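Right, one structure below, let's go through it.
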Amino acid sequence: MELDEISNRLTAWLVDDRALGDRVTNLRELSGGFSQMMYAFDLHTTGAVQPLVLRANRPEGQSITATDRFAEWEIVESLSAHDEIPIPKALLYDDGHALGVPCFIVEHVDGVTISRHFAAHPTEKTDRVADMLVASLAAIHAVPPADLPTTLDRPTSWEGHIDSLIGKWRKLERTGLEPDPFVRYLANWLEANKPAAAPMRLVHGEVNNDNLLICPDGSMTVVDWEYAHIGDPREDLGWYRTVSASVPPDVMADNIDRVCERYRKISGLDEDVINPTSIAYFGLLAGVSVYDTLIGAPATVELSDQAPVLAAYMSAVLASAQLGWLKVIDALDSNAVTTGMAPS
Amino acid sequence: MLSRPSLSSVLNVLSRATMDQAQAQEFSASSARELFITSQMLAYLARRAEYEPSLMAAEIDIYEDLGDQVLREGLGDTDGISRALADLRTHRANEGGSSSGATAYALASEVLCLAIDAAFSATGSVHDAMVNAMRVREINQAAIVGDFVIGGR
């Protein structure tokens with residue numbers, strides 16, 4: 001869909017149907033968001049301009065993921081009631097009537113991603129951002145499950161949740177175009193090396209340097225909630241480290257003991273639960289959601305030469321990710337993770 | 001290694017996408033990202049084309065030997081491993097003993113998967129052979145991945 005058409009449809013939705021403003025201007029595509037379409041725009045009302053962000057499903061055939069926009073909206077909307085949660089406030093949802101695809105609108109946050117922040121300040125120490133990240137994640141993980149949408153799955157036990165994630169690795173591996181010994185090895189390793197249990201919490205599910213915004217006032221905002229679920233809070237801590245090995249910087253790498261200590265202090269969890277080794281374990285375990293995205297890519301490419309380039313790209317990402325998983329396992333088997341080394 | 005999607009199917013997608021960008025009315029942020037990852041993919045495909053056939057052939061022999069070793073030890077799903085080895089050998093016989101190609105590699109990889117399940121918690125030479133097979137696969141895949149880095153956002 002061209003920008004002009006999106007702008008016209010937004011105007012019809014927000015101005016004509018909902019009477020929320022006078023006009024829509026300055027629509028531009030936001031970089032990032034491999035999976036969903038994201039656009040920033042301004043909604044003009046009398047004497048004011050409200051900067052907003054549209055988050056929408058890609059049209060059928062162009063998407064590489066199949067996450068539920070309404071489920072994401074429900075979480076964003078429920079968290080918007082919590083001032084302590086660093087999230088763009090939810091404004092409006094549409095099931096496809098307005099743009100032809102499910103979408104929602106949130107407030108625009110004036111900030112830069114961690115990736116871009118450190119690209120602009122390559123010599124800056126990472127400890128300040130690591131502290132912000134810990135505080136943000138601890139706040140998210142402290143949300144009472146009762147405050148979350150009732151439609152969100154609630155694991156009945158920690159053991160069952162971990163087993164289901166390992167089982168998901170195994171099940172997904174069977175859906176690929178070819179057997180994947182790396183994943184089979186990983187699943188066996190995860191079963192043999194479970195850490196101490198933790199309480200079930202809200203988990204963002206895709207914490208990475210492109211989903212974390214540093215705002216001018218020094219605060220942090222967390223975006224892209226499509227993989228949010230109730231699980232083990234170390235899934236977020238661990239996944240951040242794993243993905244940051246490929247998309248640096250890993251702001252926890254030079255501060256891992258400090259990160260663990262601060263997180264323990266805020267959350268009240270013990271050292272046998274929050275430590276570098278358990279975080280690395282969850283970096284592997286939590287990767288199953290991304291594996292879910294990657295595993296279908298080869299079939300998508302082979303089915304049609306109209307497949308998105310991203311699908312072809314994902315096959316290379318998977319090959320690279322597999323090597324990363326093995327390096328983390330090697331580091332854990334040799335106890336190298338406790339020294340604070342990055343899993344890469 | 002990942003032998004799928006096939007080289008030809010990836011090249012078809014990249015060719016079409018490059019043509020789309022050449023004909024686009026305007027050059028956007030997504031256009032830049034698409035061309036960036038297309039260039040990465042072309043380099044990645046070049047390595048696959050150059051190295052994959054010989055590396056796959058070497059791995060297939062290693063996985064077949066490992067499967068036989070697991071069977072001799074009577075570990076794991078012996079019926080499954082027997083079937084997987086038979087499938088691999090039947091395929092190779094039909095292909096005139098060839099150890100190349102994605103199908104042979106996939107059948108051999110299934111043998112390795114079953115051997116991992118069987119030998120992961122075992123001790124001794126079978127476990128060591130399984131770990132060695134994984135190490136070979138890792139080294140070969142690293143050669144293919146090369147300097148590919150996730151980026152383009």
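In the structure tokens, chains take letters A, B, ... by order of appearance, with residues numbered from 1 within each chain and ligands from 1 in the order shown.
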
task = Tell me, as a list in words, which residues lie within 9 Å of Trp239 in chain A, counting only C-alpha atoms; anything in the same chain fewer than 2 positions away does not count.
result =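 These residues fall inside the cut-off: Gly205, Glu206, Val207, Asn208, Arg234, Glu235, Asp236, Leu237, Arg241, Thr242, Val243, Ser244, Ile279, Ala280, Phe282, Gly283, Leu284, Leu285, Ala286 and Gly287 of chain A.
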
task = Define the interface residues of chain A facing chain B as those within 8 Å, counting only C-alpha atoms, and report them as a PyMOL selection string.
result = chain A and resi 29-34+177-182+184-185+188+246-247+298-299+301-302+304-310+312-313+315-317+319-320+323

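Among A:Glu84, A:Asn57, A:Ile295, A:Asn211, the residue with the shortest atom-to-atom distance to His141 in chain A, counting only C-alpha atoms, is A:Glu84.
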
message = Report as a ChimeraX atom specification all protein, DNA and RNA residues lying within 7 Å of Val126 in chain B, evaluated on only C-alpha atoms, omitting residues in the same chain fewer than 3 positions from it.
response = /B:69-70,119,129-130

inquiry  = Need to verify the contact set: range 160-168 of chain A, 10 Å, only C-alpha atoms, exclusion of same-chain residues closer than 6 positions in sequence. Can you return it as JSON, numbers by chain?
reply    = {"A": [154, 174, 186, 187, 188, 189, 190, 191, 194, 197, 200, 230, 231, 232, 282, 285, 286, 287, 288, 289, 291, 292]}

Residues from the last selection, N, CA, C and O atoms, saved as a PDB file, in the first residue's frame:
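This went into again_38.pdb:
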```pdb
ATOM      1  N   ARG A 154      -2.142 -18.736  30.746  1.00  0.00           N
ATOM      2  CA  ARG A 154      -1.475 -18.729  32.045  1.00  0.00           C
ATOM      3  C   ARG A 154      -0.953 -20.132  32.355  1.00  0.00           C
ATOM      4  O   ARG A 154      -1.744 -21.034  32.621  1.00  0.00           O
ATOM      5  N   ARG A 174      10.464 -30.351  13.515  1.00  0.00           N
ATOM      6  CA  ARG A 174       9.878 -31.344  12.600  1.00  0.00           C
ATOM      7  C   ARG A 174       9.114 -30.693  11.453  1.00  0.00           C
ATOM      8  O   ARG A 174       8.717 -31.374  10.508  1.00  0.00           O
ATOM      9  N   LEU A 186      20.141 -28.866  20.840  1.00  0.00           N
ATOM     10  CA  LEU A 186      19.735 -27.816  21.773  1.00  0.00           C
ATOM     11  C   LEU A 186      18.619 -28.301  22.700  1.00  0.00           C
ATOM     12  O   LEU A 186      18.662 -28.068  23.917  1.00  0.00           O
ATOM     13  N   ALA A 187      17.621 -28.967  22.158  1.00  0.00           N
ATOM     14  CA  ALA A 187      16.492 -29.442  22.967  1.00  0.00           C
ATOM     15  C   ALA A 187      16.968 -30.438  24.024  1.00  0.00           C
ATOM     16  O   ALA A 187      16.533 -30.386  25.185  1.00  0.00           O
ATOM     17  N   ASN A 188      17.859 -31.323  23.644  1.00  0.00           N
ATOM     18  CA  ASN A 188      18.401 -32.277  24.620  1.00  0.00           C
ATOM     19  C   ASN A 188      19.179 -31.554  25.716  1.00  0.00           C
ATOM     20  O   ASN A 188      19.091 -31.897  26.895  1.00  0.00           O
ATOM     21  N   TRP A 189      19.944 -30.551  25.303  1.00  0.00           N
ATOM     22  CA  TRP A 189      20.745 -29.797  26.286  1.00  0.00           C
ATOM     23  C   TRP A 189      19.833 -29.057  27.264  1.00  0.00           C
ATOM     24  O   TRP A 189      20.080 -29.032  28.470  1.00  0.00           O
ATOM     25  N   LEU A 190      18.785 -28.429  26.747  1.00  0.00           N
ATOM     26  CA  LEU A 190      17.859 -27.681  27.606  1.00  0.00           C
ATOM     27  C   LEU A 190      17.176 -28.602  28.620  1.00  0.00           C
ATOM     28  O   LEU A 190      16.959 -28.223  29.772  1.00  0.00           O
ATOM     29  N   GLU A 191      16.841 -29.799  28.195  1.00  0.00           N
ATOM     30  CA  GLU A 191      16.206 -30.744  29.116  1.00  0.00           C
ATOM     31  C   GLU A 191      17.159 -31.171  30.228  1.00  0.00           C
ATOM     32  O   GLU A 191      16.742 -31.404  31.367  1.00  0.00           O
ATOM     33  N   LYS A 194      18.142 -27.729  33.283  1.00  0.00           N
ATOM     34  CA  LYS A 194      17.155 -26.759  33.766  1.00  0.00           C
ATOM     35  C   LYS A 194      17.673 -26.055  35.031  1.00  0.00           C
ATOM     36  O   LYS A 194      18.188 -26.711  35.936  1.00  0.00           O
ATOM     37  N   ALA A 197      13.639 -22.832  39.590  1.00  0.00           N
ATOM     38  CA  ALA A 197      12.369 -22.259  39.134  1.00  0.00           C
ATOM     39  C   ALA A 197      12.231 -20.806  39.569  1.00  0.00           C
ATOM     40  O   ALA A 197      12.814 -20.378  40.563  1.00  0.00           O
ATOM     41  N   MET A 200       6.063 -17.119  37.710  1.00  0.00           N
ATOM     42  CA  MET A 200       5.564 -16.768  36.373  1.00  0.00           C
ATOM     43  C   MET A 200       5.182 -15.285  36.343  1.00  0.00           C
ATOM     44  O   MET A 200       4.487 -14.800  37.245  1.00  0.00           O
ATOM     45  N   ILE A 230       2.854 -14.769  29.392  1.00  0.00           N
ATOM     46  CA  ILE A 230       3.209 -15.028  30.789  1.00  0.00           C
ATOM     47  C   ILE A 230       4.188 -16.196  30.810  1.00  0.00           C
ATOM     48  O   ILE A 230       3.929 -17.249  30.232  1.00  0.00           O
ATOM     49  N   GLY A 231       5.316 -15.958  31.454  1.00  0.00           N
ATOM     50  CA  GLY A 231       6.358 -16.986  31.475  1.00  0.00           C
ATOM     51  C   GLY A 231       7.389 -16.687  32.545  1.00  0.00           C
ATOM     52  O   GLY A 231       7.091 -16.020  33.538  1.00  0.00           O
ATOM     53  N   ASP A 232       8.600 -17.162  32.315  1.00  0.00           N
ATOM     54  CA  ASP A 232       9.685 -16.936  33.266  1.00  0.00           C
ATOM     55  C   ASP A 232      10.352 -15.604  32.921  1.00  0.00           C
ATOM     56  O   ASP A 232      10.739 -15.393  31.762  1.00  0.00           O
ATOM     57  N   PHE A 282      18.114 -19.170  29.622  1.00  0.00           N
ATOM     58  CA  PHE A 282      16.860 -18.671  29.076  1.00  0.00           C
ATOM     59  C   PHE A 282      17.052 -17.941  27.747  1.00  0.00           C
ATOM     60  O   PHE A 282      16.114 -17.811  26.959  1.00  0.00           O
ATOM     61  N   LEU A 285      16.490 -20.917  25.581  1.00  0.00           N
ATOM     62  CA  LEU A 285      15.120 -21.425  25.633  1.00  0.00           C
ATOM     63  C   LEU A 285      14.137 -20.472  24.944  1.00  0.00           C
ATOM     64  O   LEU A 285      13.275 -20.891  24.173  1.00  0.00           O
ATOM     65  N   ALA A 286      14.301 -19.176  25.225  1.00  0.00           N
ATOM     66  CA  ALA A 286      13.351 -18.188  24.711  1.00  0.00           C
ATOM     67  C   ALA A 286      13.483 -17.965  23.212  1.00  0.00           C
ATOM     68  O   ALA A 286      12.590 -17.388  22.591  1.00  0.00           O
ATOM     69  N   GLY A 287      14.552 -18.434  22.642  1.00  0.00           N
ATOM     70  CA  GLY A 287      14.737 -18.267  21.204  1.00  0.00           C
ATOM     71  C   GLY A 287      13.719 -19.012  20.378  1.00  0.00           C
ATOM     72  O   GLY A 287      13.635 -18.811  19.157  1.00  0.00           O
ATOM     73  N   VAL A 288      12.897 -19.824  21.023  1.00  0.00           N
ATOM     74  CA  VAL A 288      11.933 -20.627  20.265  1.00  0.00           C
ATOM     75  C   VAL A 288      10.921 -19.761  19.523  1.00  0.00           C
ATOM     76  O   VAL A 288      10.439 -20.143  18.458  1.00  0.00           O
ATOM     77  N   SER A 289      10.611 -18.581  20.071  1.00  0.00           N
ATOM     78  CA  SER A 289       9.629 -17.729  19.378  1.00  0.00           C
ATOM     79  C   SER A 289      10.201 -17.211  18.058  1.00  0.00           C
ATOM     80  O   SER A 289       9.491 -17.095  17.058  1.00  0.00           O
ATOM     81  N   TYR A 291      12.657 -18.775  16.449  1.00  0.00           N
ATOM     82  CA  TYR A 291      12.791 -19.979  15.624  1.00  0.00           C
ATOM     83  C   TYR A 291      11.474 -20.263  14.905  1.00  0.00           C
ATOM     84  O   TYR A 291      11.460 -20.689  13.737  1.00  0.00           O
ATOM     85  N   ASP A 292      10.373 -19.983  15.591  1.00  0.00           N
ATOM     86  CA  ASP A 292       9.051 -20.159  15.005  1.00  0.00           C
ATOM     87  C   ASP A 292       8.914 -19.310  13.732  1.00  0.00           C
ATOM     88  O   ASP A 292       8.280 -19.716  12.750  1.00  0.00           O
TER      89      ASP A 292
END
```

ask   = In range 148-335 of chain A, what's helix (DSSP H, G or I) per DSSP? Answer as an MDAnalysis selection string?
value = chainID A and resid 158:173 181:192 234:246 253:267 276:285 288:295 297:303 309:333

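When only C-alpha atoms are used to measure the gap to Met1 in chain A, the shortest distance among A:Ala228, A:Ala245, A:Ala120, A:Ala56 belongs to A:Ala56.
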
task = Could you tell me, as an MDAnalysis selection string, which residues of range 61-308 of chain A DSSP assigns to strand (DSSP E) when given the backbone?
result = chainID A and resid 90:94 103:107 112:113 201:203 212:214 220:222 229:231

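Computed from the coordinates, the CA of Ser80 in chain A to CA of His229 in chain A distance equals 16.1 Å.
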
ask   = Can you tell me, as a list of chain:residue names, what residues are no more than 10 Å from Asp272 in chain A when counting only C-alpha atoms, ignoring any on the same chain fewer than 6 positions away?
value =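 Returned residues: A:Pro195, A:Ala196, A:Ala197, A:Ala198, A:Ser278.
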
Atoms to include: C-alpha atoms. Write the selected residues as a PDB file, in the first residue's frame.
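Here's the written file again19.pdb:
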```pdb
ATOM      1  CA  PRO A 195      17.896 -24.002  36.309  1.00  0.00           C
ATOM      2  CA  ALA A 196      16.031 -23.197  39.537  1.00  0.00           C
ATOM      3  CA  ALA A 197      12.369 -22.259  39.134  1.00  0.00           C
ATOM      4  CA  ALA A 198      11.117 -18.657  39.136  1.00  0.00           C
ATOM      5  CA  SER A 278      20.407 -19.037  34.368  1.00  0.00           C
TER       6      SER A 278
END
```

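Computed from the coordinates, the CA of Leu42 in chain B to CA of Glu173 in chain A distance equals 26.1 Å.
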